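Visitor: Data file model32.cif (mmCIF, C-alpha atoms) is appended below.
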```cif
data_final
#
loop_
_atom_site.label_atom_id
_atom_site.label_comp_id
_atom_site.auth_asym_id
_atom_site.auth_seq_id
_atom_site.Cartn_x
_atom_site.Cartn_y
_atom_site.Cartn_z
CA MET A 23 0.00 0.00 0.00
CA GLY A 24 2.82 2.34 0.95
CA GLN A 25 4.63 1.59 -2.29
CA ALA A 26 1.46 2.40 -4.29
CA GLU A 27 1.06 5.75 -2.49
CA SER A 28 4.73 6.54 -3.07
CA SER A 29 4.42 5.73 -6.79
CA ALA A 30 1.34 7.93 -7.05
CA GLU A 31 3.13 10.80 -5.35
CA ASN A 32 6.14 10.44 -7.65
CA TYR A 33 3.89 10.37 -10.69
CA GLU A 34 2.07 13.48 -9.48
CA LYS A 35 5.39 15.30 -8.92
CA GLN A 36 6.60 14.30 -12.36
CA GLN A 37 3.38 15.61 -13.87
CA GLN A 38 3.74 18.89 -11.97
CA GLN A 39 7.36 19.26 -13.11
CA HIS A 40 6.33 18.51 -16.68
CA GLN A 41 3.57 21.10 -16.56
CA GLN A 42 5.96 23.65 -15.06
CA LYS A 43 8.29 23.11 -18.01
CA GLN A 44 5.43 23.58 -20.47
CA LEU A 45 4.87 27.07 -21.82
CA ILE A 46 1.14 26.73 -21.11
CA PRO A 47 0.28 23.86 -18.73
CA GLY A 48 -1.82 21.22 -20.42
CA LEU A 49 -0.94 22.30 -23.98
CA PRO A 50 1.79 20.95 -26.25
CA ASP A 51 4.52 23.57 -26.67
CA GLU A 52 3.84 23.79 -30.41
CA ILE A 53 0.27 24.94 -29.75
CA ALA A 54 1.39 27.17 -26.88
CA MET A 55 3.95 28.84 -29.10
CA ASP A 56 1.31 29.40 -31.76
CA CYS A 57 -0.77 31.20 -29.13
CA LEU A 58 2.04 33.30 -27.65
CA VAL A 59 3.40 34.62 -30.94
CA ARG A 60 -0.02 36.13 -31.60
CA VAL A 61 0.12 38.38 -28.53
CA PRO A 62 0.67 42.00 -29.67
CA HIS A 63 4.11 43.42 -29.02
CA GLN A 64 2.79 46.09 -26.65
CA PHE A 65 2.05 43.34 -24.08
CA HIS A 66 5.43 41.58 -24.27
CA SER A 67 6.78 43.48 -21.25
CA ASN A 68 3.90 42.11 -19.17
CA MET A 69 4.34 38.61 -20.57
CA LYS A 70 7.88 38.50 -19.14
CA LEU A 71 6.40 38.81 -15.64
CA VAL A 72 4.21 35.71 -15.91
CA CYS A 73 6.90 33.06 -15.39
CA LYS A 74 10.56 32.29 -16.04
CA SER A 75 9.86 30.18 -19.11
CA TRP A 76 7.89 33.02 -20.74
CA LYS A 77 10.60 35.55 -19.89
CA THR A 78 13.26 33.31 -21.41
CA LEU A 79 11.12 32.83 -24.51
CA ILE A 80 10.22 36.51 -24.97
CA MET A 81 13.85 37.62 -24.60
CA HIS A 82 15.15 35.20 -27.23
CA PRO A 83 15.45 36.32 -30.88
CA SER A 84 14.04 32.97 -32.06
CA PHE A 85 10.64 34.03 -30.69
CA TYR A 86 10.58 36.98 -33.08
CA LYS A 87 11.77 34.85 -35.96
CA GLU A 88 8.78 32.62 -35.30
CA ARG A 89 6.51 35.69 -35.31
CA ARG A 90 7.80 36.60 -38.76
CA ARG A 91 7.53 33.04 -40.02
CA SER A 92 3.96 32.66 -38.78
CA GLY A 93 2.84 36.03 -40.15
CA THR A 94 2.13 37.52 -36.71
CA ALA A 95 4.97 40.07 -36.65
CA GLU A 96 3.96 43.73 -36.59
CA HIS A 97 4.85 46.65 -38.87
CA MET A 98 5.98 49.68 -36.86
CA VAL A 99 6.78 53.16 -38.14
CA CYS A 100 9.13 55.03 -35.79
CA LEU A 101 8.91 58.84 -35.81
CA ILE A 102 11.00 61.59 -34.20
CA GLN A 103 8.39 64.26 -33.37
CA PRO A 104 8.03 67.43 -31.27
CA LEU A 105 5.98 66.68 -28.20
CA PRO A 106 2.63 68.46 -27.78
CA ILE A 107 3.01 71.87 -26.17
CA PRO A 108 0.99 72.07 -22.95
CA ILE A 109 -1.45 74.96 -22.74
CA PRO A 110 0.08 77.48 -20.28
CA SER A 111 -1.94 78.79 -17.37
CA PRO A 112 -2.87 82.47 -17.68
CA PRO A 113 -0.40 84.86 -15.97
CA GLN A 114 -1.44 86.32 -12.64
CA ASN A 115 0.01 89.75 -13.43
CA GLU A 116 1.98 91.64 -16.08
CA THR A 117 5.30 91.10 -14.26
CA GLN A 118 4.85 87.34 -14.30
CA SER A 119 3.90 87.47 -17.96
CA SER A 120 6.97 89.47 -18.97
CA LYS A 121 9.35 87.05 -17.25
CA LYS A 122 8.21 84.06 -19.29
CA THR A 123 10.40 83.17 -22.24
CA PRO A 124 9.50 80.59 -24.86
CA SER A 125 11.30 77.28 -24.40
CA PRO A 126 12.52 75.14 -27.31
CA PRO A 127 10.28 72.23 -28.30
CA GLN A 128 10.92 68.87 -26.68
CA TYR A 129 11.18 65.81 -28.91
CA GLY A 130 9.96 62.28 -28.37
CA LEU A 131 9.82 58.91 -30.13
CA SER A 132 6.38 58.01 -31.48
CA ILE A 133 5.46 54.64 -32.92
CA TYR A 134 2.64 53.98 -35.35
CA ASN A 135 1.74 50.30 -35.36
CA ALA A 136 0.57 49.84 -38.94
CA THR A 137 -0.60 46.28 -38.22
CA HIS A 138 -3.03 47.25 -35.46
CA GLN A 139 -3.39 50.91 -36.53
CA THR A 140 -2.48 52.25 -33.09
CA TRP A 141 -0.22 55.05 -31.86
CA HIS A 142 1.89 55.23 -28.73
CA ARG A 143 4.90 57.15 -27.44
CA ILE A 144 8.05 55.63 -25.96
CA MET A 145 9.76 57.31 -23.02
CA GLY A 146 13.21 58.47 -24.06
CA PRO A 147 16.53 57.32 -22.58
CA ASN A 148 16.74 60.38 -20.32
CA ALA A 149 15.32 59.05 -17.05
CA ASN A 150 14.61 62.53 -15.70
CA THR A 151 12.69 63.99 -18.65
CA GLY A 152 11.96 61.09 -21.00
CA HIS A 153 13.00 63.32 -23.91
CA ILE A 154 15.38 62.62 -26.78
CA PRO A 155 17.84 64.92 -28.61
CA MET A 156 16.17 67.42 -30.92
CA PHE A 157 16.49 66.61 -34.63
CA CYS A 158 18.15 63.25 -33.98
CA GLN A 159 18.06 60.61 -36.69
CA CYS A 160 16.39 57.23 -36.19
CA VAL A 161 17.90 54.23 -37.96
CA PRO A 162 16.48 50.67 -37.80
CA LEU A 163 18.55 47.56 -37.16
CA PRO A 164 16.08 44.91 -38.41
CA ALA A 165 18.37 41.93 -37.86
CA PHE A 166 18.66 42.78 -34.16
CA GLY A 167 15.14 44.09 -33.53
CA LYS A 168 16.57 47.45 -32.50
CA LEU A 169 16.33 51.14 -33.32
CA MET A 170 19.22 53.62 -33.14
CA LEU A 171 18.97 57.34 -32.35
CA LEU A 172 21.93 59.33 -33.64
CA GLY A 173 23.17 62.87 -33.01
CA GLY A 174 20.89 65.88 -33.04
CA TRP A 175 20.82 68.78 -30.59
CA ASP A 176 20.98 68.89 -26.83
CA PRO A 177 17.50 70.13 -25.76
CA LYS A 178 18.98 72.65 -23.29
CA SER A 179 22.16 73.97 -24.92
CA LEU A 180 20.88 73.54 -28.51
CA GLU A 181 24.35 72.29 -29.44
CA PRO A 182 24.98 69.26 -31.69
CA VAL A 183 25.78 66.09 -29.77
CA THR A 184 27.69 62.87 -30.39
CA ASP A 185 25.13 60.80 -28.48
CA VAL A 186 23.94 57.42 -29.72
CA TYR A 187 21.10 55.49 -28.10
CA VAL A 188 19.73 52.04 -28.94
CA LEU A 189 16.15 50.95 -28.26
CA ASP A 190 15.72 47.17 -28.03
CA PHE A 191 12.25 45.99 -29.11
CA ILE A 192 12.88 42.41 -28.02
CA GLY A 193 10.99 41.70 -24.82
CA GLY A 194 9.32 45.10 -24.81
CA PHE A 195 11.27 48.36 -24.91
CA LYS A 196 14.66 48.90 -23.30
CA TRP A 197 17.17 51.73 -23.89
CA LYS A 198 20.94 51.39 -23.96
CA ARG A 199 23.67 53.97 -24.46
CA ALA A 200 25.95 53.02 -27.36
CA ALA A 201 29.41 54.29 -28.27
CA SER A 202 29.34 57.98 -29.21
CA MET A 203 30.14 59.32 -32.66
CA SER A 204 33.56 60.95 -33.04
CA VAL A 205 32.02 64.18 -34.38
CA ALA A 206 29.02 66.07 -33.03
CA ARG A 207 26.70 66.68 -35.96
CA SER A 208 23.09 67.32 -36.95
CA PHE A 209 21.14 67.34 -40.23
CA PHE A 210 23.44 64.62 -41.57
CA ALA A 211 23.04 61.62 -43.85
CA CYS A 212 22.84 58.11 -42.39
CA GLY A 213 21.97 54.59 -43.47
CA VAL A 214 22.39 50.90 -42.65
CA VAL A 215 24.38 48.58 -44.92
CA GLY A 216 23.82 44.88 -44.38
CA ASP A 217 22.82 43.84 -40.89
CA SER A 218 25.28 45.72 -38.72
CA MET A 219 27.09 48.64 -40.40
CA VAL A 220 25.64 52.12 -39.78
CA TYR A 221 27.08 54.99 -41.83
CA VAL A 222 26.86 58.74 -41.11
CA ALA A 223 28.25 61.61 -43.19
CA GLY A 224 27.96 65.37 -43.60
CA GLY A 225 25.59 67.60 -41.66
CA HIS A 226 26.87 70.61 -39.71
CA ASP A 227 28.76 71.31 -36.49
CA ASN A 228 28.03 73.69 -33.62
CA GLN A 229 29.12 76.68 -35.72
CA LYS A 230 26.72 75.72 -38.53
CA ASN A 231 29.68 74.78 -40.72
CA ALA A 232 28.88 72.10 -43.28
CA LEU A 233 30.88 68.89 -42.80
CA GLN A 234 32.72 66.55 -45.15
CA SER A 235 33.55 64.01 -42.47
CA ALA A 236 32.09 60.51 -42.32
CA GLU A 237 32.25 57.49 -40.03
CA VAL A 238 30.81 54.00 -39.70
CA TYR A 239 29.49 52.12 -36.67
CA ASP A 240 29.88 48.38 -36.17
CA VAL A 241 26.86 47.19 -34.19
CA ASN A 242 28.49 43.94 -33.09
CA ALA A 243 31.66 45.62 -31.80
CA ASP A 244 29.95 48.81 -30.54
CA GLU A 245 32.72 50.82 -32.21
CA TRP A 246 32.95 53.78 -34.60
CA ARG A 247 35.59 54.01 -37.31
CA VAL A 248 36.46 57.26 -39.09
CA LEU A 249 36.12 57.11 -42.90
CA PRO A 250 37.88 59.21 -45.52
CA PRO A 251 36.11 62.57 -45.89
CA MET A 252 33.74 63.19 -48.77
CA ALA A 253 34.91 65.35 -51.64
CA GLU A 254 32.37 68.07 -50.81
CA GLU A 255 30.77 69.65 -47.77
CA ARG A 256 27.17 68.47 -47.49
CA ASP A 257 24.78 69.95 -44.96
CA GLU A 258 21.10 68.83 -44.95
CA CYS A 259 21.99 65.89 -47.18
CA GLN A 260 20.06 62.64 -47.39
CA GLY A 261 21.60 59.20 -46.89
CA PHE A 262 20.29 55.98 -48.34
CA THR A 263 21.23 52.40 -49.07
CA TRP A 264 19.82 49.70 -51.30
CA GLU A 265 19.11 46.06 -50.64
CA GLY A 266 21.95 43.87 -51.83
CA ASP A 267 24.27 46.86 -52.32
CA SER A 268 27.20 47.30 -49.92
CA ARG A 269 27.63 50.99 -50.78
CA PHE A 270 26.42 54.05 -48.85
CA TRP A 271 24.97 57.00 -50.77
CA VAL A 272 24.84 60.66 -49.73
CA LEU A 273 22.41 62.71 -51.79
CA SER A 274 22.72 66.46 -52.45
CA GLY A 275 23.25 68.88 -49.54
CA TYR A 276 25.00 72.25 -49.63
CA SER A 277 28.31 73.80 -48.55
CA THR A 278 28.84 76.41 -45.83
CA GLU A 279 29.14 79.17 -48.44
CA ALA A 280 26.10 78.06 -50.41
CA GLN A 281 23.42 77.58 -47.79
CA GLY A 282 20.06 76.67 -49.25
CA ARG A 283 21.42 75.95 -52.73
CA PHE A 284 21.28 72.19 -52.97
CA ARG A 285 23.82 70.33 -55.03
CA SER A 286 22.70 68.22 -57.97
CA ASP A 287 25.20 65.44 -57.35
CA ALA A 288 25.67 62.65 -54.83
CA GLU A 289 28.61 60.82 -53.33
CA CYS A 290 28.90 57.09 -52.92
CA TYR A 291 31.18 55.29 -50.47
CA ASP A 292 32.33 51.81 -51.49
CA PRO A 293 33.76 49.80 -48.55
CA LYS A 294 35.51 47.49 -51.01
CA THR A 295 37.74 50.32 -52.25
CA GLY A 296 37.52 52.51 -49.14
CA SER A 297 36.85 55.58 -51.25
CA TRP A 298 34.13 58.02 -52.33
CA SER A 299 32.98 58.68 -55.87
CA ILE A 300 30.80 61.51 -57.18
CA ILE A 301 27.74 60.83 -59.31
CA GLU A 302 26.46 63.83 -61.26
CA GLY A 303 22.89 64.82 -62.03
CA VAL A 304 21.21 62.84 -59.25
CA TRP A 305 19.17 65.65 -57.66
CA PRO A 306 17.77 68.09 -60.26
CA PHE A 307 15.93 70.25 -57.70
CA PRO A 308 18.31 73.04 -56.54
CA ASN A 309 15.79 74.76 -54.28
CA VAL A 310 14.50 71.65 -52.54
CA SER A 311 16.08 69.59 -49.77
CA PRO A 312 15.96 65.83 -50.33
CA ARG A 313 15.55 65.24 -46.59
CA GLY A 314 12.28 63.51 -45.80
CA LEU A 315 11.17 63.44 -49.43
CA THR A 316 12.95 60.27 -50.52
CA THR A 317 12.78 56.59 -49.68
CA THR A 318 14.19 53.43 -51.22
CA ILE A 319 12.19 50.36 -52.20
CA THR A 320 12.82 47.17 -54.16
CA ILE A 321 10.34 46.05 -56.82
CA SER A 322 10.95 42.90 -58.85
CA ASN A 323 14.60 42.88 -57.72
CA GLN A 324 15.03 46.43 -59.01
CA ASN A 325 16.29 49.00 -56.50
CA GLN A 326 14.42 52.29 -56.77
CA LEU A 327 14.63 55.68 -55.08
CA TRP A 328 11.28 57.43 -54.82
CA CYS A 329 10.97 61.20 -54.44
CA PHE A 330 7.69 62.74 -53.29
CA LEU A 331 7.80 66.21 -54.77
CA GLY A 332 4.68 68.28 -55.37
CA GLY A 333 2.08 66.49 -57.46
CA GLN A 334 4.45 63.89 -58.89
CA GLN A 335 6.42 61.02 -57.40
CA PHE A 336 9.64 60.58 -59.32
CA LYS A 337 11.46 57.27 -59.28
CA GLN A 338 14.99 56.39 -60.21
CA SER A 339 16.83 53.11 -60.39
CA SER A 340 20.43 52.12 -59.74
CA ASP A 341 22.78 50.59 -62.27
CA ASN A 342 26.32 50.42 -60.91
CA ASN A 343 27.44 54.06 -60.55
CA GLU A 344 24.70 55.55 -62.70
CA ILE A 345 21.43 56.90 -61.33
CA LEU A 346 19.04 58.54 -63.74
CA TRP A 347 15.68 60.12 -62.99
CA ASN A 348 12.71 58.64 -64.78
CA VAL A 349 9.07 59.43 -64.17
CA LEU A 350 8.13 55.75 -64.16
CA LYS A 351 4.71 56.56 -62.73
CA SER A 352 3.15 59.70 -61.33
CA VAL A 353 1.05 59.16 -58.20
CA GLN A 354 -1.04 62.17 -57.23
CA LEU A 355 -0.72 63.21 -53.60
CA PRO A 356 -3.90 63.58 -51.54
CA ASP A 357 -5.28 67.12 -51.56
CA ASP A 358 -4.74 67.67 -47.85
CA ILE A 359 -1.06 66.68 -47.89
CA ASN A 360 1.25 69.65 -47.35
CA VAL A 361 3.72 69.18 -50.23
CA THR A 362 6.19 71.73 -48.80
CA SER A 363 7.02 69.52 -45.80
CA LEU A 364 6.88 65.75 -46.07
CA CYS A 365 8.40 62.82 -44.24
CA VAL A 366 8.24 59.44 -45.99
CA THR A 367 9.47 55.95 -45.25
CA ALA A 368 8.93 52.61 -46.97
CA ILE A 369 7.13 49.81 -45.14
CA GLY A 370 8.76 46.43 -45.61
CA GLN A 371 6.76 43.65 -47.16
CA GLY A 372 6.72 41.09 -44.34
CA GLN A 373 3.67 38.90 -44.69
CA ASN A 374 1.99 41.29 -47.14
CA GLN A 375 2.66 39.24 -50.21
CA CYS A 376 0.79 37.25 -52.79
CA CYS A 377 1.58 34.88 -55.64
CA ILE A 378 0.86 35.49 -59.31
CA ASN A 379 1.58 32.70 -61.78
CA ASN A 380 3.29 30.84 -58.93
CA HIS A 381 5.75 33.72 -58.45
CA PRO A 382 5.73 35.62 -55.12
CA GLN A 383 4.75 39.28 -55.50
CA GLN A 384 5.30 41.91 -52.84
CA GLN A 385 2.77 44.52 -51.79
CA GLN A 386 4.55 47.88 -51.56
CA ARG A 387 3.57 50.44 -48.93
CA ILE A 388 4.96 53.88 -48.18
CA PHE A 389 4.06 55.91 -45.09
CA VAL A 390 3.72 59.64 -45.82
CA MET A 391 3.19 62.33 -43.20
CA SER A 392 3.11 66.10 -43.56
CA SER A 393 2.67 69.05 -41.25
CA SER A 394 -0.96 70.09 -41.13
CA GLY A 395 -1.21 72.39 -38.14
CA GLY A 396 -4.91 71.80 -37.54
CA ARG A 397 -6.59 71.16 -34.21
CA GLY A 398 -8.61 68.03 -33.53
CA VAL A 399 -12.05 68.08 -31.98
CA LEU A 400 -14.01 65.35 -30.27
CA SER A 401 -16.37 63.78 -32.78
CA SER A 402 -17.35 60.40 -34.13
CA SER A 403 -16.56 61.41 -37.72
CA ASN A 404 -14.57 64.60 -37.35
CA CYS A 405 -11.85 63.92 -39.87
CA GLY A 406 -14.02 62.82 -42.76
CA GLU A 407 -11.76 59.84 -43.43
CA CYS A 408 -12.18 57.54 -40.45
CA GLU A 409 -14.72 56.88 -37.72
CA CYS A 410 -13.25 57.43 -34.27
CA GLU A 411 -14.41 58.51 -30.84
CA CYS A 412 -11.22 60.38 -30.01
CA GLU A 413 -9.48 63.51 -31.17
CA CYS A 414 -8.21 63.07 -34.70
CA GLU A 415 -6.12 65.50 -36.67
CA GLY A 416 -7.77 64.15 -39.80
CA LYS A 417 -5.08 65.27 -42.21
CA GLY A 418 -1.43 64.78 -42.90
CA ALA A 419 -0.81 61.01 -42.65
CA TYR A 420 -1.44 58.46 -45.40
CA MET A 421 -0.31 55.06 -46.54
CA LEU A 422 0.43 54.59 -50.24
CA GLU A 423 -0.23 50.99 -51.22
CA ARG A 424 0.68 49.19 -54.40
CA GLU A 425 -1.82 46.49 -55.24
CA ILE A 426 -0.89 43.84 -57.77
CA LYS A 427 -3.61 42.85 -60.22
CA SER A 428 -4.35 39.19 -60.80
CA LYS A 429 -3.75 39.59 -64.55
CA GLY A 430 -0.51 41.51 -64.08
CA GLY A 431 0.28 45.15 -63.59
CA SER A 432 -0.43 47.17 -60.48
CA ILE A 433 -2.34 50.16 -59.16
CA TYR A 434 -1.56 52.65 -56.40
CA LYS A 435 -4.02 54.01 -53.89
CA TRP A 436 -3.91 56.23 -50.78
CA ASN A 437 -5.35 55.13 -47.44
CA HIS A 438 -5.83 57.70 -44.71
CA VAL A 439 -4.04 57.00 -41.39
CA HIS A 440 -6.04 57.96 -38.32
CA THR A 441 -3.77 60.29 -36.33
CA PRO A 442 -4.65 61.56 -32.84
CA VAL A 443 -3.77 65.20 -32.18
CA ALA A 444 -0.96 64.22 -29.79
CA PHE A 445 0.84 62.53 -32.71
CA ALA A 446 0.02 65.00 -35.48
CA SER A 447 3.18 67.14 -35.30
CA PHE A 448 5.58 66.96 -38.24
CA PRO A 449 8.18 64.17 -37.85
CA TYR A 450 11.81 65.16 -38.34
CA SER A 451 12.96 61.59 -39.01
CA ALA A 452 11.16 58.32 -39.73
CA SER A 453 12.10 54.66 -40.12
CA TYR A 454 10.47 51.26 -40.12
CA ILE A 455 10.95 48.06 -38.15
CA PHE A 456 9.23 44.66 -38.43
CA ILE A 457 9.04 42.96 -35.02
#
```
Let me see whether you can do it: turn the structure in this file into structure tokens.

Guide:
Amino acid sequence: MGQAESSAENYEKQQQQHQQKQLIPGLPDEIAMDCLVRVPHQFHSNMKLVCKSWKTLIMHPSFYKERRRSGTAEHMVCLIQPLPIPIPSPPQNETQSSKKTPSPPQYGLSIYNATHQTWHRIMGPNANTGHIPMFCQCVPLPAFGKLMLLGGWDPKSLEPVTDVYVLDFIGGFKWKRAASMSVARSFFACGVVGDSMVYVAGGHDNQKNALQSAEVYDVNADEWRVLPPMAEERDECQGFTWEGDSRFWVLSGYSTEAQGRFRSDAECYDPKTGSWSIIEGVWPFPNVSPRGLTTTITISNQNQLWCFLGGQQFKQSSDNNEILWNVLKSVQLPDDINVTSLCVTAIGQGQNQCCINNHPQQQQRIFVMSSSGGRGVLSSSNCGECECECECEGKGAYMLEREIKSKGGSIYKWNHVHTPVAFASFPYSASYIFI
């Protein structure tokens, strides 16, 4: 009898231990994993608190690979935006009113979840204020599930900084200070080549002098390496890279002596030769900055640079060292988009794909946001584009989608993005991450 009771107790303990090792007690781990990968990313921080096995799972990159494989990963647009200005209380007297001086805008990191069509703001790395450097650049590191913030201005001194911060999306949101750049700069070009090499070039220093200097950051080593300088000074230039291309491109910009007159050429850094080369006739718009107006996409294995300028969207393709503008297709901007100030970024394909004639075809999407300056009001249909019971700016943010026809060819259409007032300010920098 005693042996039977002992065997029963041992069996019960073994069952308890087995259930404790299971991700969800009573379910095979394959089914449990299928459930857990469907939980939206915004709840991952809470999931880590449930048990050790969930924490270990959520913190491992394989969990996010499974989310991508199963089609449950989320498309997130990251935006560097001015924070909403609080309405000041009325002054008690004239003396109090005269002492008040306007303070510079504070910047924050906003995230638009294009999968669930939600907005939220991430507290910055500064524990005291939660703010981030003004005019900093955001650069995605898709292979690591991270986002980098580079340079910009100190919010108090308004001086360019060398600061670099990394936001880890794995397991929630966690900030880390990375190695600083060797040169303090703002309004510079930047881009990611491959999985782990981040390039920066140009911009201006604390004296507003345009820079020729460039450097590259190795994510794995957490180290910066100084590159040979560009041939020309390039302030307010635009950086970009193309899929499958190891080179870094710096588009247009202007010199210290020619502020506001944008160059028509570009420079390209080739890590294989360790040198820069100039490509003429790349930017035929001398009075327009390329910053925020351009984004790169890949269609049918062809690398393209799109420029959103006025009523037309110009596209150009890359062929070795030659880039020529061609109006491949003109896509009319929505009427309520402010064409004088745009910020665009391409949304990766992820699970948004289909097959035509047994060949996979990618759905192309581009997020476009402009400054609109309107004020939202509480209404169930106040913006005319979406039905919402919260304040909605109603203008300024759209998604351009390329839909592939079943018989071949494609069409483009604009879809309005519901934008609460708190997120309606013009973004200085934008990027995309798939997590």

Visitor: Since I can't run it myself right now, could you work out what the PyMOL selection byres ((chain A and resi 149-163) around 8) selects here and report it as an mmCIF file with C-alpha atoms, keeping the file's coordinate frame?

Guide:
```cif
data_model
loop_
_atom_site.group_PDB
_atom_site.id
_atom_site.type_symbol
_atom_site.label_atom_id
_atom_site.label_comp_id
_atom_site.auth_asym_id
_atom_site.auth_seq_id
_atom_site.Cartn_x
_atom_site.Cartn_y
_atom_site.Cartn_z
ATOM 1 C CA CYS A 100 9.130 55.030 -35.790
ATOM 2 C CA LEU A 101 8.910 58.840 -35.810
ATOM 3 C CA ILE A 102 11.000 61.590 -34.200
ATOM 4 C CA GLN A 128 10.920 68.870 -26.680
ATOM 5 C CA TYR A 129 11.180 65.810 -28.910
ATOM 6 C CA GLY A 130 9.960 62.280 -28.370
ATOM 7 C CA LEU A 131 9.820 58.910 -30.130
ATOM 8 C CA MET A 145 9.760 57.310 -23.020
ATOM 9 C CA GLY A 146 13.210 58.470 -24.060
ATOM 10 C CA PRO A 147 16.530 57.320 -22.580
ATOM 11 C CA ASN A 148 16.740 60.380 -20.320
ATOM 12 C CA PRO A 164 16.080 44.910 -38.410
ATOM 13 C CA ALA A 165 18.370 41.930 -37.860
ATOM 14 C CA PHE A 166 18.660 42.780 -34.160
ATOM 15 C CA GLY A 167 15.140 44.090 -33.530
ATOM 16 C CA LYS A 168 16.570 47.450 -32.500
ATOM 17 C CA LEU A 169 16.330 51.140 -33.320
ATOM 18 C CA MET A 170 19.220 53.620 -33.140
ATOM 19 C CA LEU A 171 18.970 57.340 -32.350
ATOM 20 C CA LEU A 172 21.930 59.330 -33.640
ATOM 21 C CA GLY A 173 23.170 62.870 -33.010
ATOM 22 C CA GLY A 174 20.890 65.880 -33.040
ATOM 23 C CA TRP A 175 20.820 68.780 -30.590
ATOM 24 C CA ASP A 176 20.980 68.890 -26.830
ATOM 25 C CA PRO A 177 17.500 70.130 -25.760
ATOM 26 C CA SER A 208 23.090 67.320 -36.950
ATOM 27 C CA PHE A 209 21.140 67.340 -40.230
ATOM 28 C CA CYS A 212 22.840 58.110 -42.390
ATOM 29 C CA GLY A 213 21.970 54.590 -43.470
ATOM 30 C CA VAL A 214 22.390 50.900 -42.650
ATOM 31 C CA ASP A 217 22.820 43.840 -40.890
ATOM 32 C CA SER A 218 25.280 45.720 -38.720
ATOM 33 C CA TYR A 450 11.810 65.160 -38.340
ATOM 34 C CA SER A 451 12.960 61.590 -39.010
ATOM 35 C CA ALA A 452 11.160 58.320 -39.730
ATOM 36 C CA SER A 453 12.100 54.660 -40.120
ATOM 37 C CA TYR A 454 10.470 51.260 -40.120
ATOM 38 C CA ILE A 455 10.950 48.060 -38.150
#
```

Visitor: Measure the distance from atom CA of Gln234 of chain A to atom CA of Pro250 of chain A in Å and round it to one decimal.

Guide: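 Atom CA of Pro250 of chain A lies at a distance of 9.0 Å from atom CA of Gln234 of chain A.
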
Visitor: Between atom CA of Pro449 of chain A and atom CA of Gly216 of chain A, what is the spacing in Å?

Guide: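 Atom-to-atom, atom CA of Gly216 of chain A to atom CA of Pro449 of chain A, that is 25.7 Å.
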
Visitor: When you draw a straight line from atom CA of Leu331 of chain A to atom CA of Tyr276 of chain A, how long is it in Å?

Guide: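 Interatomic distance here is 18.9 Å.
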
Visitor: Applying the PyMOL selection byres ((chain A and resi 194-197) around 8) to the file I just gave you, which residues come out? Please list them as a ChimeraX atom specification.

Guide: /A:63-67,146-147,187-193,198-199

Visitor: Could you check which of A:Phe270, A:Trp141, A:Trp246, A:Tyr134 is closest to Phe389 of chain A, using all atoms listed in the file?

Guide: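 For Phe389 of chain A, the nearest of the given residues is A:Tyr134.
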
Visitor: List every protein, DNA or RNA residue that has at least one atom no more than 6 Å from (28.2, 77.3, -42.5) in the file's coordinates, counting only C-alpha atoms, and write the result as a PyMOL selection string.

Guide: chain A and resi 230-232+278

Visitor: Given the choices A:Pro106, A:Pro62, A:Gly314, A:Gly296, which gets closest to Met391 of chain A if the distance is worked out from all atoms listed in the file?

Guide: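 Under the stated criterion, the closest residue is A:Gly314.
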
Visitor: I need the residue nearest Thr140 of chain A from this list: A:Pro104, A:Thr441, A:Ile457, A:Phe85. Use all atoms listed in the file for the distance.

Guide: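 When distances to Thr140 of chain A are compared using all atoms listed in the file, the smallest one comes from A:Thr441.
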
Visitor: Evaluate the PyMOL selection byres ((chain A and resi 80) around 10) on the structure here and hand back the selected residues as a list in words.

Guide: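 Listing what the PyMOL selection byres ((chain A and resi 80) around 10) selects in the shown file: Leu58, Val59, His66, Ser67, Met69, Lys70, Lys74, Ser75, Trp76, Lys77, Thr78, Leu79, Met81, His82, Pro83, Ser84, Phe85, Tyr86, Ile192, Gly193 and Gly194 of chain A.
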
Visitor: Go through A:Asp56, A:Asp257, A:Asp227, A:Asp267 one by one, measure the shortest atom-to-atom distance of each to Glu88 of chain A using all atoms listed in the file, and give the residue with the smallest value.

Guide: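 Among A:Asp56, A:Asp257, A:Asp227, A:Asp267, it is A:Asp56 that comes nearest to Glu88 of chain A.
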